[in-house]
file run_21.txt (compact mmCIF, C-alpha atoms)
# COMPACT_ATOMS: atom_id res chain seq x y z
CA MET A 255 -7.12 -12.91 -16.19
CA GLU A 256 -5.84 -14.64 -19.33
CA GLU A 257 -6.93 -11.60 -21.28
CA ASP A 258 -4.88 -9.31 -19.00
CA PHE A 259 -1.75 -11.40 -19.52
CA GLN A 260 -2.27 -11.30 -23.28
CA LEU A 261 -2.71 -7.52 -23.23
CA LEU A 262 0.37 -7.13 -21.09
CA ASP A 263 2.41 -9.37 -23.39
CA LYS A 264 1.32 -7.33 -26.39
CA PHE A 265 2.23 -4.14 -24.57
CA LYS A 266 5.67 -5.49 -23.66
CA LYS A 267 6.16 -6.15 -27.36
CA GLY A 268 5.41 -2.50 -28.07
CA ASP A 269 1.65 -2.46 -28.69
CA GLN A 270 0.47 0.82 -27.13
CA HIS A 271 -3.19 -0.04 -27.80
CA ALA A 272 -2.87 -3.01 -25.45
CA PHE A 273 -1.80 -0.64 -22.68
CA GLU A 274 -4.72 1.65 -23.48
CA SER A 275 -7.08 -1.32 -23.16
CA LEU A 276 -5.67 -2.12 -19.72
CA VAL A 277 -6.12 1.51 -18.66
CA ARG A 278 -9.72 1.55 -19.90
CA LYS A 279 -10.45 -1.72 -18.12
CA TYR A 280 -8.97 -0.80 -14.74
CA LYS A 281 -9.13 2.99 -14.40
CA ILE A 282 -12.40 2.98 -12.44
CA THR A 283 -11.18 0.20 -10.12
CA VAL A 284 -7.91 2.00 -9.41
CA PHE A 285 -9.60 5.39 -9.02
CA ASN A 286 -12.24 4.11 -6.58
CA THR A 287 -9.69 2.23 -4.50
CA ILE A 288 -7.56 5.35 -4.19
CA TYR A 289 -10.49 7.64 -3.53
CA SER A 290 -11.76 5.37 -0.75
CA ILE A 291 -8.33 5.26 0.90
CA ILE A 292 -7.25 8.87 0.32
CA GLY A 293 -10.67 10.54 0.55
CA ASN A 294 -10.15 13.31 -1.98
CA THR A 295 -11.16 13.15 -5.66
CA GLU A 296 -8.51 15.51 -7.06
CA GLU A 297 -5.69 13.68 -5.33
CA ALA A 298 -7.23 10.33 -6.29
CA GLU A 299 -7.22 11.39 -9.96
CA ASP A 300 -3.57 12.38 -9.79
CA ILE A 301 -2.49 9.23 -7.98
CA THR A 302 -4.47 7.07 -10.44
CA GLN A 303 -2.39 8.58 -13.23
CA GLU A 304 0.81 7.88 -11.30
CA VAL A 305 -0.24 4.27 -10.80
CA PHE A 306 -0.72 3.76 -14.54
CA LEU A 307 2.54 5.56 -15.25
CA LYS A 308 4.22 3.05 -12.97
CA VAL A 309 2.51 0.17 -14.76
CA TYR A 310 3.76 1.63 -18.03
CA THR A 311 7.37 1.85 -16.88
CA LYS A 312 7.46 -1.32 -14.74
CA ALA A 313 5.49 -3.70 -16.93
CA GLY A 314 8.77 -5.42 -17.84
CA SER A 315 9.37 -6.40 -14.22
CA PHE A 316 5.96 -8.11 -13.83
CA LYS A 317 6.72 -11.84 -13.87
CA GLY A 318 3.14 -13.08 -13.85
CA LYS A 319 3.43 -14.84 -10.47
CA SER A 320 0.14 -13.22 -9.43
CA SER A 321 -2.74 -12.00 -11.54
CA PHE A 322 -2.32 -8.64 -13.22
CA SER A 323 -5.10 -7.17 -11.07
CA THR A 324 -3.36 -8.26 -7.84
CA TRP A 325 -0.15 -6.60 -9.05
CA LEU A 326 -2.08 -3.47 -9.99
CA TYR A 327 -3.84 -3.36 -6.61
CA ARG A 328 -0.48 -3.74 -4.89
CA ILE A 329 0.99 -0.79 -6.80
CA THR A 330 -2.17 1.19 -5.99
CA VAL A 331 -2.12 0.40 -2.27
CA ASN A 332 1.62 1.09 -1.96
CA ARG A 333 1.20 4.44 -3.68
CA CYS A 334 -1.66 5.30 -1.29
CA VAL A 335 0.46 4.37 1.74
CA ASP A 336 3.25 6.67 0.45
CA GLU A 337 0.75 9.46 0.01
CA ILE A 338 -0.77 9.03 3.48
CA ARG A 339 2.68 9.05 5.09
CA LYS A 340 3.66 12.15 3.12
CA ARG A 341 0.42 13.76 4.22
CA ASN A 342 0.95 12.79 7.86
CA ASN A 343 4.26 14.63 7.76
CA LYS A 344 2.50 17.72 6.44
CA ILE A 345 -0.24 17.35 9.07
CA ILE A 346 -3.12 17.60 6.60
CA SER A 347 -6.28 16.03 7.92
CA TYR A 348 -9.81 15.88 6.72
CA GLU A 349 -12.83 16.41 8.89
CA THR A 350 -13.90 13.12 10.40
CA GLU A 351 -16.61 14.06 12.88
CA PHE A 352 -20.28 13.81 11.97
CA ASP A 353 -22.63 16.72 12.52
CA GLU A 354 -26.18 16.17 13.84
CA GLU A 355 -27.74 16.29 10.36
CA GLU A 356 -25.37 13.63 9.04
CA LYS A 357 -26.01 11.42 12.04
CA LEU A 358 -29.75 11.63 11.41
CA LYS A 359 -29.34 10.83 7.72
CA LEU A 360 -27.22 7.79 8.44
CA LYS A 361 -29.72 6.58 11.04
CA ASN A 362 -32.44 6.85 8.41
CA ILE A 363 -30.45 4.85 5.88
CA LEU A 364 -29.83 2.02 8.26
CA ALA A 365 -33.44 1.99 9.45
CA SER A 366 -35.04 2.10 6.01
CA LYS A 367 -35.76 -0.71 3.56
CA GLU A 368 -33.28 -1.05 0.71
CA ALA A 369 -35.67 0.21 -1.98
CA ASP A 370 -36.36 3.46 -0.14
CA ILE A 371 -32.78 4.39 0.46
CA THR A 372 -31.97 6.08 -2.84
CA GLU A 373 -35.09 8.24 -2.48
CA GLU A 374 -34.25 9.17 1.06
CA LEU A 375 -30.75 10.24 0.56
CA ARG A 376 -29.00 11.69 -2.38
CA LYS A 377 -26.02 9.62 -3.39
CA LYS A 378 -23.56 12.46 -2.96
CA GLU A 379 -24.54 12.86 0.68
CA LEU A 380 -24.15 9.17 1.29
CA GLU A 381 -20.71 9.25 -0.33
CA ASP A 382 -19.62 12.05 1.98
CA ILE A 383 -20.84 10.28 5.10
CA ILE A 384 -19.13 6.99 4.27
CA GLN A 385 -15.95 8.76 3.26
CA LYS A 386 -15.90 10.74 6.49
CA ALA A 387 -16.17 7.53 8.47
CA MET A 388 -13.39 5.96 6.36
CA ASN A 389 -11.11 9.01 6.75
CA SER A 390 -11.28 8.61 10.51
CA LEU A 391 -9.71 5.14 10.42
CA PRO A 392 -5.99 4.27 10.58
CA GLU A 393 -4.48 3.59 7.13
CA LYS A 394 -4.32 -0.21 7.37
CA TYR A 395 -8.01 -0.43 8.29
CA ARG A 396 -8.97 2.02 5.54
CA ILE A 397 -7.08 -0.11 3.03
CA ILE A 398 -8.47 -3.44 4.16
CA LEU A 399 -12.07 -2.15 4.29
CA THR A 400 -11.67 -0.65 0.82
CA LEU A 401 -10.39 -3.92 -0.64
CA LYS A 402 -13.19 -5.89 1.00
CA GLU A 403 -16.23 -3.60 1.01
CA ILE A 404 -15.59 -1.40 -2.01
CA GLU A 405 -13.69 -3.79 -4.26
CA GLY A 406 -15.29 -7.00 -3.01
CA LEU A 407 -12.03 -8.97 -3.01
CA SER A 408 -11.60 -12.32 -1.29
CA TYR A 409 -9.48 -12.75 1.86
CA ASN A 410 -6.95 -14.60 -0.25
CA GLU A 411 -6.60 -11.72 -2.71
CA ILE A 412 -6.37 -9.19 0.12
CA SER A 413 -3.68 -11.28 1.79
CA GLN A 414 -1.62 -11.25 -1.45
CA ILE A 415 -2.09 -7.51 -2.03
CA MET A 416 -1.32 -6.44 1.53
CA LYS A 417 1.28 -9.19 2.02
CA ILE A 418 -0.25 -10.34 5.29
CA SER A 419 -1.49 -13.77 6.45
CA LEU A 420 -5.11 -14.87 6.06
CA ALA A 421 -5.49 -14.85 9.85
CA LYS A 422 -4.36 -11.22 9.91
CA VAL A 423 -6.85 -10.32 7.16
CA LYS A 424 -9.61 -11.78 9.34
CA ILE A 425 -8.49 -9.94 12.49
CA TRP A 426 -7.80 -6.61 10.78
CA LEU A 427 -11.22 -6.63 9.11
CA PHE A 428 -12.85 -7.39 12.42
CA ARG A 429 -10.93 -4.54 14.10
CA ALA A 430 -11.61 -2.15 11.21
CA ARG A 431 -15.33 -2.78 11.60
CA GLN A 432 -15.09 -2.32 15.35
CA LYS A 433 -13.32 1.01 14.81
CA LEU A 434 -16.04 2.03 12.39
CA LYS A 435 -18.61 1.03 14.98
CA GLY A 436 -16.84 3.32 17.45
CA LYS A 437 -17.32 6.18 14.99
CA LEU A 438 -20.97 5.33 14.51
CA THR A 439 -21.96 4.89 18.16
CA PHE A 440 -24.74 7.46 17.67
CA LEU A 441 -26.56 4.77 15.71
CA TYR A 442 -26.69 2.62 18.86
CA PRO A 443 -28.37 4.55 21.66
CA GLN A 444 -28.37 1.50 23.91
CA GLY A 445 -24.57 1.88 24.08
CA GLU A 446 -23.50 -1.35 22.41
CA MET B 65 -15.27 -20.15 22.53
CA SER B 66 -15.56 -16.59 23.87
CA CYS B 67 -17.90 -13.92 22.49
CA GLU B 68 -14.85 -11.97 21.22
CA LYS B 69 -13.84 -14.96 19.07
CA PHE B 70 -17.40 -15.36 17.83
CA LYS B 71 -17.42 -11.66 16.89
CA ILE B 72 -14.29 -12.16 14.78
CA LEU B 73 -16.08 -15.11 13.17
CA LEU B 74 -19.16 -12.93 12.59
CA SER B 75 -17.11 -10.50 10.54
CA ALA B 76 -15.70 -13.37 8.44
CA TYR B 77 -19.15 -15.01 8.26
CA LEU B 78 -20.61 -11.92 6.58
CA ASP B 79 -17.78 -12.09 4.06
CA GLN B 80 -18.52 -15.80 3.51
CA GLU B 81 -15.00 -16.67 4.57
CA ILE B 82 -15.59 -19.27 7.30
CA THR B 83 -15.67 -23.06 7.22
CA GLU B 84 -18.90 -25.07 7.51
CA GLU B 85 -17.88 -26.24 10.96
CA GLU B 86 -17.28 -22.66 12.15
CA GLU B 87 -20.61 -21.61 10.68
CA GLU B 88 -22.47 -24.34 12.56
CA LYS B 89 -20.87 -23.29 15.87
CA LEU B 90 -21.61 -19.64 15.15
CA ILE B 91 -25.26 -20.20 14.36
CA GLU B 92 -25.66 -22.22 17.55
CA HIS B 93 -24.03 -19.40 19.52
CA LEU B 94 -26.22 -16.73 17.88
CA LYS B 95 -29.33 -18.55 19.08
CA LYS B 96 -28.14 -18.10 22.66
CA CYS B 97 -26.25 -14.78 22.63
CA ALA B 98 -28.27 -11.60 22.12
CA ASP B 99 -25.13 -9.44 22.16
CA CYS B 100 -23.56 -11.30 19.23
CA ALA B 101 -26.90 -11.33 17.38
CA ARG B 102 -27.03 -7.51 17.71
CA GLU B 103 -23.44 -7.32 16.50
CA LEU B 104 -24.43 -9.30 13.39
CA GLU B 105 -27.21 -6.81 12.65
CA TYR B 106 -24.77 -3.92 13.04
CA LEU B 107 -22.30 -5.55 10.64
CA LYS B 108 -25.06 -6.19 8.11
CA GLY B 109 -26.04 -2.51 8.32
CA ILE B 110 -22.48 -1.37 7.67
CA LYS B 111 -22.18 -3.76 4.72
CA ARG B 112 -25.39 -2.32 3.32
CA VAL B 113 -24.07 1.21 3.54
CA PHE B 114 -20.92 0.23 1.65
CA LEU B 115 -22.97 -1.57 -1.00
CA LEU B 116 -24.83 1.67 -1.66
CA LYS B 117 -21.64 3.60 -2.28
CA GLU B 118 -21.63 4.55 -5.92
CA ARG B 119 -18.54 3.87 -7.99
CA LYS B 120 -16.97 7.10 -9.16
CA GLU B 121 -15.29 7.71 -12.47
CA PRO B 122 -12.13 9.72 -13.05
CA GLN B 123 -12.70 13.06 -14.76
CA GLU B 124 -13.24 13.35 -18.49
CA PHE B 125 -10.21 12.91 -20.76
CA PHE B 126 -8.38 10.86 -18.13
CA GLU B 127 -6.62 8.84 -20.83
CA THR B 128 -5.63 11.96 -22.79
CA ARG B 129 -3.97 13.43 -19.72
CA LEU B 130 -2.32 10.12 -18.85
CA PHE B 131 -0.87 9.63 -22.33
CA ALA B 132 0.45 13.19 -22.31
CA ARG B 133 2.27 12.39 -19.05
CA ILE B 134 3.59 9.17 -20.54
CA LYS B 135 4.86 11.11 -23.56
CA ASP B 136 6.69 13.52 -21.23
CA LYS B 137 8.07 10.60 -19.26
CA ARG B 138 9.41 8.99 -22.42
CA LYS B 139 11.42 12.14 -23.11
CA GLU B 140 13.24 11.66 -19.79
CA PRO B 141 16.21 9.27 -19.82
CA MET B 142 14.79 5.89 -18.83
CA TRP B 143 17.75 4.28 -17.10
CA HIS B 144 15.75 1.28 -16.03
CA VAL B 145 15.32 0.35 -19.70
CA TYR B 146 19.06 0.20 -20.19
CA LEU B 147 19.92 -1.03 -16.72
CA PRO B 148 17.50 -3.78 -15.71
CA VAL B 149 18.40 -3.46 -12.02
CA SER B 150 17.02 -1.40 -9.17
CA LYS B 151 18.49 1.89 -7.95
CA LYS B 152 19.49 0.17 -4.69
CA SER B 153 21.60 -2.40 -6.56
CA ILE B 154 23.33 0.35 -8.54
CA LEU B 155 24.04 2.21 -5.29
CA ALA B 156 25.40 -0.97 -3.64
CA VAL B 157 27.78 -1.57 -6.58
CA LEU B 158 28.94 2.07 -6.48
CA VAL B 159 29.60 1.87 -2.72
CA PHE B 160 31.50 -1.40 -3.26
CA PHE B 161 33.77 0.15 -5.91
CA LEU B 162 34.31 3.26 -3.79
CA LEU B 163 35.38 1.07 -0.85
CA ILE B 164 37.73 -1.01 -3.01
CA GLY B 165 39.14 2.18 -4.58
CA GLY B 166 39.58 3.72 -1.13
CA LEU B 167 41.30 0.61 0.18
CA LEU B 168 43.70 0.46 -2.79
CA ASN B 169 44.48 4.18 -2.41
CA TYR B 170 45.13 3.70 1.29
CA ARG B 171 47.48 0.80 0.59
CA ASN B 172 49.35 2.88 -2.02
CA PHE B 173 49.57 5.74 0.47
CA LEU B 174 50.96 3.41 3.16
CA SER B 175 53.58 1.84 0.91
CA GLN B 176 54.60 5.30 -0.31
CA ARG B 177 55.03 6.49 3.30
CA ARG B 178 57.04 3.39 4.12
CA ALA B 179 59.31 3.96 1.13
CA GLU B 180 59.83 7.59 2.15
CA LYS B 181 60.60 6.65 5.76
CA THR B 182 62.95 3.86 4.67
CA SER B 183 64.87 6.20 2.40
CA ASP B 184 65.06 8.74 5.26
CA LEU B 185 66.42 5.96 7.43
CA LEU B 186 69.05 5.08 4.88
CA ILE B 187 70.14 8.70 4.65
CA ASP B 188 70.14 9.30 8.43
CA THR B 189 73.58 8.17 9.59
CA GLU B 190 72.78 8.78 13.28
CA LEU B 191 70.27 5.96 13.28
CA GLU B 192 72.67 3.37 11.97
CA GLU B 193 72.83 1.52 15.28
CA ASN B 194 69.06 1.09 15.53
CA PHE B 195 68.55 0.63 11.83
CA GLU B 196 66.89 -2.80 12.07
CA GLU B 197 64.52 -1.78 14.87
CA GLU B 198 63.51 1.42 13.07
CA LEU B 199 62.88 -0.51 9.86
CA LEU B 200 60.70 -3.05 11.65
CA GLU B 201 58.77 -0.20 13.26
CA ILE B 202 58.04 1.34 9.87
CA TYR B 203 56.59 -1.92 8.58
CA TYR B 204 54.91 -3.40 11.66
CA GLY B 205 54.31 -0.42 13.96
CA PRO B 206 55.93 0.36 17.33
CA LEU B 207 57.63 -2.72 18.82
CA GLY B 208 56.78 -4.24 22.21
call {"tool": "encode", "arguments": {"input": "run_21.txt", "output": "structure tokens"}}
result
Amino acid sequence: MEEDFQLLDKFKKGDQHAFESLVRKYKITVFNTIYSIIGNTEEAEDITQEVFLKVYTKAGSFKGKSSFSTWLYRITVNRCVDEIRKRNNKIISYETEFDEEEKLKLKNILASKEADITEELRKKELEDIIQKAMNSLPEKYRIILTLKEIEGLSYNEISQIMKISLAKVKIWLFRARQKLKGKLTFLYPQGE
Amino acid sequence: MSCEKFKILLSAYLDQEITEEEEEKLIEHLKKCADCARELEYLKGIKRVFLLKERKEPQEFFETRLFARIKDKRKEPMWHVYLPVSKKSILAVLVFFLLIGGLLNYRNFLSQRRAEKTSDLLIDTELEENFEEELLEIYYGPLG
């Protein structure tokens, strides 16, 4: 965290290499967050660039009240929300239903031991299945699950990024998982 | 505590975000409630799936493309550099000055009209009898 502040300070003083270091350090984090929320690699790439452009132009307004990464996540999440809303107006939607083959594959993953999983299922297929399930969720649940499950952030960090209370983080995560469960009912033949 | 509340706790328990006291209560409940125990297994399964998700990388030459965009951006006028305030604040100030300008113009217009009417009144000899009333009307609107 200290290192981020130092890099940002250097950048504010005109050191372009400091900005490049921040980009190198966070590009994968930003890209994966966006991809998980938006669900499309090309768009994720473009939005990642826009996020760093914003960091470049707005670095002067960052007061250091939160960590740099929290600020960066907030820019990222806000940009994703804008994109989703724009997309909702255009009525673009990705496929969110599982076909029989996908259902079977997912059942196998959950039934198998951890070591066997990579052999059983190619990573690309797994990516597609998880992304399909994510795409089916409302935006706030997609965001909160991404921050928790993909980025591994604490409730406190999520609460700062999404500007919601800790209690809300807890409830929204619970509901997001319930929604996901609704999408994956085929995994539970006993009808849980 | 109801099962619904325990299920919320389960979700937080998997994220290691509950207190020791909550954890004790939850574990006691799990011993007795098969439904919540199944829910815990489901949540563990979902967590496992997410853990297997591979982190992707942006395409090659991401930085090159980004810095090209930054270079283009720097060619655009960067008002925020010169004006360290948001667009909304600039808009608010503009609206304020437009209102003040409009108000001043309106006042000028009114006083000009009054002057014209007063001079008409002074010229109009037929109105001599009601001169005072007419003058008051010009300044304060129709009387009583």
call {"tool": "closest_residue", "arguments": {"input": "run_21.txt", "among": "A:Asp336, A:Asp353, A:Glu299, A:Asp258", "to": "chain B", "atoms": "only C-alpha atoms"}}
result
A:Glu299
call {"tool": "interface_residues", "arguments": {"input": "run_21.txt", "of": "chain B", "to": "chain A", "cutoff": "8 Å", "atoms": "all atoms listed in the file", "output": "ChimeraX atom specification"}}
result
/B:71-72,75-76,81,107,109,111-115,117-123,127,130,133-134
call {"tool": "atom_distance", "arguments": {"input": "run_21.txt", "atom1": "atom CA of Thr128 of chain B", "atom2": "atom CA of Phe273 of chain A"}}
result
13.2 Å
call {"tool": "residues_around", "arguments": {"input": "run_21.txt", "residues": "Val331 of chain A", "least_positions_apart": "5", "cutoff": "8 Å", "atoms": "all atoms listed in the file", "output": "number ranges by chain"}}
result
A: 288, 397, 415-416
call {"tool": "closest_residue", "arguments": {"input": "run_21.txt", "among": "A:Arg333, A:Gly318, A:Lys433, A:Ala313", "to": "Met388 of chain A", "atoms": "all atoms listed in the file"}}
result
A:Lys433
call {"tool": "closest_residue", "arguments": {"input": "run_21.txt", "among": "B:Leu167, B:Leu186, B:Leu74, B:Leu155", "to": "Ile91 of chain B", "atoms": "all atoms listed in the file"}}
result
B:Leu74
call {"tool": "atom_distance", "arguments": {"input": "run_21.txt", "atom1": "atom CA of Gln270 of chain A", "atom2": "atom CA of Asn332 of chain A"}}
result
25.2 Å
call {"tool": "atom_distance", "arguments": {"input": "run_21.txt", "atom1": "atom CA of Ser413 of chain A", "atom2": "atom CA of Gly436 of chain A"}}
result
25.1 Å
call {"tool": "closest_residue", "arguments": {"input": "run_21.txt", "among": "B:Lys108, B:Lys95, B:Arg102, B:Lys139", "to": "Leu78 of chain B", "atoms": "all atoms listed in the file"}}
result
B:Lys108
